[in-house]
$ cat structure36.cif   # mmCIF, C-alpha atoms
data_start
#
loop_
_atom_site.group_PDB
_atom_site.id
_atom_site.type_symbol
_atom_site.label_atom_id
_atom_site.label_comp_id
_atom_site.auth_asym_id
_atom_site.auth_seq_id
_atom_site.Cartn_x
_atom_site.Cartn_y
_atom_site.Cartn_z
ATOM 1 C CA MET A 912 -6.213 -32.386 35.357
ATOM 2 C CA MET A 913 -6.746 -28.924 33.918
ATOM 3 C CA GLU A 914 -4.483 -26.058 34.737
ATOM 4 C CA PRO A 915 -6.178 -23.039 36.300
ATOM 5 C CA ILE A 916 -6.664 -20.049 34.049
ATOM 6 C CA ARG A 917 -4.295 -17.238 34.925
ATOM 7 C CA GLN A 918 -5.842 -13.799 35.260
ATOM 8 C CA GLY A 919 -4.673 -11.307 32.636
ATOM 9 C CA ALA A 920 -2.582 -13.820 30.684
ATOM 10 C CA PRO A 921 -3.311 -14.471 27.014
ATOM 11 C CA PRO A 922 -4.841 -17.852 26.296
ATOM 12 C CA ILE A 923 -2.443 -20.581 25.297
ATOM 13 C CA ILE A 924 -3.350 -21.899 21.885
ATOM 14 C CA ASP A 925 -2.086 -25.288 20.900
ATOM 15 C CA ASP A 926 -1.508 -25.118 17.145
ATOM 16 C CA SER A 927 0.598 -28.267 16.973
ATOM 17 C CA PRO A 928 -1.876 -30.050 14.651
ATOM 18 C CA VAL A 929 -1.548 -27.155 12.217
ATOM 19 C CA ARG A 930 2.259 -27.168 12.453
ATOM 20 C CA SER A 931 2.464 -30.920 12.040
ATOM 21 C CA LYS A 932 0.131 -30.749 9.061
ATOM 22 C CA LEU A 933 2.301 -28.088 7.430
ATOM 23 C CA ASN A 934 5.480 -29.809 8.643
ATOM 24 C CA ALA A 935 6.977 -26.411 9.363
ATOM 25 C CA SER A 936 8.664 -24.764 12.282
ATOM 26 C CA ALA A 937 7.906 -21.218 13.348
ATOM 27 C CA ASP A 938 10.782 -19.947 11.170
ATOM 28 C CA ASP A 939 9.567 -21.821 8.087
ATOM 29 C CA ASP A 940 5.863 -21.024 8.290
ATOM 30 C CA PRO A 941 4.618 -20.168 4.763
ATOM 31 C CA ARG A 942 1.823 -18.041 6.195
ATOM 32 C CA ILE A 943 4.353 -15.341 7.020
ATOM 33 C CA MET A 944 5.247 -14.747 3.385
ATOM 34 C CA LEU A 945 1.584 -14.852 2.420
ATOM 35 C CA ALA A 946 0.818 -12.244 5.079
ATOM 36 C CA ALA A 947 3.670 -10.073 3.803
ATOM 37 C CA GLU A 948 2.212 -10.251 0.290
ATOM 38 C CA ARG A 949 -1.259 -9.316 1.565
ATOM 39 C CA THR A 950 0.230 -6.379 3.455
ATOM 40 C CA LEU A 951 2.012 -5.177 0.327
ATOM 41 C CA LEU A 952 -1.202 -5.365 -1.677
ATOM 42 C CA ALA A 953 -3.099 -3.454 1.018
ATOM 43 C CA TRP A 954 -0.520 -0.662 0.921
ATOM 44 C CA ILE A 955 -0.686 -0.586 -2.887
ATOM 45 C CA ARG A 956 -4.465 -0.256 -2.667
ATOM 46 C CA THR A 957 -4.080 2.594 -0.156
ATOM 47 C CA GLY A 958 -1.553 4.439 -2.318
ATOM 48 C CA LEU A 959 -3.709 4.004 -5.412
ATOM 49 C CA ALA A 960 -6.744 5.387 -3.566
ATOM 50 C CA MET A 961 -4.687 8.417 -2.466
ATOM 51 C CA MET A 962 -3.587 9.023 -6.038
ATOM 52 C CA GLY A 963 -7.126 8.711 -7.383
ATOM 53 C CA PHE A 964 -8.575 11.015 -4.764
ATOM 54 C CA GLY A 965 -5.781 13.505 -5.378
ATOM 55 C CA PHE A 966 -6.583 13.539 -9.099
ATOM 56 C CA LEU A 967 -10.243 14.118 -8.292
ATOM 57 C CA VAL A 968 -9.415 17.042 -5.983
ATOM 58 C CA ALA A 969 -7.044 18.538 -8.560
ATOM 59 C CA LYS A 970 -9.698 18.468 -11.280
ATOM 60 C CA PHE A 971 -12.568 19.591 -9.018
ATOM 61 C CA GLY A 972 -11.459 23.242 -9.049
ATOM 62 C CA LEU A 973 -11.442 23.195 -12.844
ATOM 63 C CA PHE A 974 -14.909 21.625 -12.824
ATOM 64 C CA LEU A 975 -16.266 24.405 -10.587
ATOM 65 C CA ARG A 976 -14.733 27.060 -12.844
ATOM 66 C CA GLU A 977 -16.332 25.507 -15.943
ATOM 67 C CA MET A 978 -19.722 25.287 -14.201
ATOM 68 C CA THR A 979 -19.527 28.999 -13.361
ATOM 69 C CA ILE A 980 -18.807 29.849 -17.003
ATOM 70 C CA LEU A 981 -21.682 27.639 -18.238
ATOM 71 C CA GLN A 982 -24.103 29.407 -15.890
ATOM 72 C CA GLY A 983 -23.099 32.776 -17.346
ATOM 73 C CA GLY A 984 -21.008 33.896 -14.406
ATOM 74 C CA GLU A 985 -17.674 35.615 -14.464
ATOM 75 C CA PRO A 986 -14.857 33.035 -14.566
ATOM 76 C CA THR A 987 -12.725 33.124 -11.489
ATOM 77 C CA GLN A 988 -9.000 32.785 -11.425
ATOM 78 C CA THR A 989 -7.443 29.446 -12.220
ATOM 79 C CA PRO A 990 -8.043 26.846 -9.502
ATOM 80 C CA ARG A 991 -4.528 26.684 -8.037
ATOM 81 C CA LEU A 992 -5.378 25.627 -4.467
ATOM 82 C CA SER A 993 -7.253 22.479 -5.471
ATOM 83 C CA LEU A 994 -4.535 21.703 -8.001
ATOM 84 C CA TRP A 995 -1.758 21.811 -5.418
ATOM 85 C CA ILE A 996 -3.735 19.928 -2.777
ATOM 86 C CA GLY A 997 -4.570 17.232 -5.331
ATOM 87 C CA ALA A 998 -0.992 17.081 -6.604
ATOM 88 C CA SER A 999 0.321 16.709 -3.056
ATOM 89 C CA MET A 1000 -2.107 13.824 -2.437
ATOM 90 C CA ILE A 1001 -0.897 12.158 -5.622
ATOM 91 C CA VAL A 1002 2.712 12.589 -4.486
ATOM 92 C CA LEU A 1003 1.764 11.079 -1.123
ATOM 93 C CA GLY A 1004 0.247 8.088 -2.941
ATOM 94 C CA VAL A 1005 3.433 7.736 -5.003
ATOM 95 C CA VAL A 1006 5.528 7.742 -1.835
ATOM 96 C CA VAL A 1007 3.259 5.145 -0.210
ATOM 97 C CA ASN A 1008 3.492 2.830 -3.236
ATOM 98 C CA PHE A 1009 7.249 3.234 -3.573
ATOM 99 C CA LEU A 1010 7.927 2.662 0.126
ATOM 100 C CA ALA A 1011 5.574 -0.333 0.190
ATOM 101 C CA GLY A 1012 7.594 -1.964 -2.581
ATOM 102 C CA VAL A 1013 10.927 -1.145 -0.935
ATOM 103 C CA GLU A 1014 9.754 -2.419 2.453
ATOM 104 C CA HIS A 1015 8.469 -5.643 0.912
ATOM 105 C CA ILE A 1016 11.822 -6.237 -0.808
ATOM 106 C CA ARG A 1017 13.628 -5.560 2.476
ATOM 107 C CA PHE A 1018 11.373 -7.936 4.408
ATOM 108 C CA THR A 1019 11.613 -10.640 1.746
ATOM 109 C CA ARG A 1020 15.408 -10.514 1.795
ATOM 110 C CA HIS A 1021 15.463 -10.640 5.581
ATOM 111 C CA TRP A 1022 13.026 -13.550 5.684
ATOM 112 C CA GLN A 1023 14.947 -15.449 3.014
ATOM 113 C CA GLN A 1024 18.082 -15.206 5.160
ATOM 114 C CA MET A 1025 16.183 -16.604 8.154
ATOM 115 C CA ALA A 1026 14.330 -19.351 6.305
ATOM 116 C CA ALA A 1027 16.415 -20.397 3.310
ATOM 117 C CA ARG A 1028 13.570 -22.558 2.051
ATOM 118 C CA TYR A 1029 11.978 -19.647 0.158
ATOM 119 C CA GLU A 1030 13.134 -18.373 -3.195
ATOM 120 C CA LEU A 1031 13.963 -14.713 -3.365
ATOM 121 C CA ARG A 1032 11.446 -13.336 -5.817
ATOM 122 C CA TYR A 1033 9.499 -10.150 -5.699
ATOM 123 C CA GLY A 1034 6.736 -10.835 -8.161
ATOM 124 C CA MET A 1035 3.813 -8.844 -9.383
ATOM 125 C CA GLY A 1036 3.186 -6.984 -6.144
ATOM 126 C CA VAL A 1037 6.435 -5.039 -6.162
ATOM 127 C CA ALA A 1038 6.230 -4.494 -9.923
ATOM 128 C CA SER A 1039 2.712 -3.084 -9.506
ATOM 129 C CA ALA A 1040 3.850 -0.777 -6.722
ATOM 130 C CA MET A 1041 6.694 0.615 -8.810
ATOM 131 C CA VAL A 1042 4.588 1.013 -11.975
ATOM 132 C CA LEU A 1043 1.873 2.817 -10.018
ATOM 133 C CA ALA A 1044 4.488 5.098 -8.476
ATOM 134 C CA ALA A 1045 5.754 5.957 -11.959
ATOM 135 C CA VAL A 1046 2.205 6.587 -13.199
ATOM 136 C CA GLY A 1047 1.627 8.877 -10.225
ATOM 137 C CA ILE A 1048 4.724 10.895 -11.076
ATOM 138 C CA LEU A 1049 3.423 11.271 -14.631
ATOM 139 C CA MET A 1050 0.021 12.367 -13.282
ATOM 140 C CA VAL A 1051 1.623 15.088 -11.165
ATOM 141 C CA ALA A 1052 3.747 16.256 -14.090
ATOM 142 C CA HIS A 1053 0.625 16.457 -16.278
ATOM 143 C CA LEU A 1054 -1.431 18.319 -13.677
ATOM 144 C CA VAL A 1055 1.254 20.857 -12.915
ATOM 145 C CA SER A 1056 2.051 21.529 -16.584
ATOM 146 C CA VAL A 1057 -1.574 22.180 -17.587
#

$ encode --input "structure36.cif" --output "structure tokens"
Amino acid sequence: MMEPIRQGAPPIIDDSPVRSKLNASADDDPRIMLAAERTLLAWIRTGLAMMGFGFLVAKFGLFLREMTILQGGEPTQTPRLSLWIGASMIVLGVVVNFLAGVEHIRFTRHWQQMAARYELRYGMGVASAMVLAAVGILMVAHLVSV
């Protein structure tokens, strides 16, 4: 006999065939670590996009100044506003990448304590986040010094 469906309650999903196939309990589910890795990579992609867009904004003011000179117009002052807006977006991307790596390390350590089955390794994702953060710092230093 079927149970009546309760109003407003989430549906009950029986995933026991999946769990028995994986031979894992809820604490040992490998999909959790895979989801954490995907989340890290999504944050790295977001930080990298912020850094790229910031570089574009920083250089756009210089591009407009050069176009004015090529058209025979009087060159305006140096494009400081676009430079600082772009540099701040790059710094924001650096912060996003750095914090994504730190948060992934923190989560991985916490998860390893709960499910001792996993090795504690950080891999390419965290290394990419930290390298991109360092590259972003170099980009800001270059933009501000020019």

$ atom_distance --input "structure36.cif" --atom1 "CA of Gly963 (chain A)" --atom2 "CA of Ile996 (chain A)"
12.6 Å

$ residues_around --input "structure36.cif" --residues "Met962 (chain A)" --least-positions-apart "6" --cutoff "10 Å" --atoms "all atoms listed in the file" --output "list of chain:residue names"
A:Arg956, A:Val968, A:Gly997, A:Ala998, A:Ser999, A:Met1000, A:Ile1001, A:Val1002, A:Leu1003, A:Gly1004, A:Val1005, A:Val1007, A:Asn1008, A:Leu1043, A:Ala1044, A:Val1046, A:Gly1047, A:Ile1048, A:Met1050, A:Val1051

$ residues_around --input "structure36.cif" --residues "region 974-984 of chain A" --least-positions-apart "6" --cutoff "12 Å" --atoms "all atoms listed in the file" --output "PyMOL selection string"
chain A and resi 967-968+990-991+993-994

$ atom_distance --input "structure36.cif" --atom1 "CA of Glu1014 (chain A)" --atom2 "CA of Gly965 (chain A)"
23.6 Å

$ residues_around --input "structure36.cif" --residues "region 943-955 of chain A" --least-positions-apart "2" --cutoff "9 Å" --atoms "only C-alpha atoms" --output "JSON, numbers by chain"
{"A": [938, 939, 940, 941, 957, 958, 959, 960, 1004, 1007, 1008, 1009, 1011, 1012, 1014, 1015, 1018, 1019, 1022, 1029, 1036, 1037, 1039, 1040, 1043]}

$ atom_distance --input "structure36.cif" --atom1 "CA of Met1025 (chain A)" --atom2 "CA of Ala1038 (chain A)"
23.9 Å

$ axis_aligned_box --input "structure36.cif" --around "region 985-999 of chain A" --padding-each-side "4 Å" --output "AutoDock Vina command-line options"
--center_x -8.7 --center_y 26.2 --center_z -8.7 --size_x 26.0 --size_y 26.9 --size_z 19.8
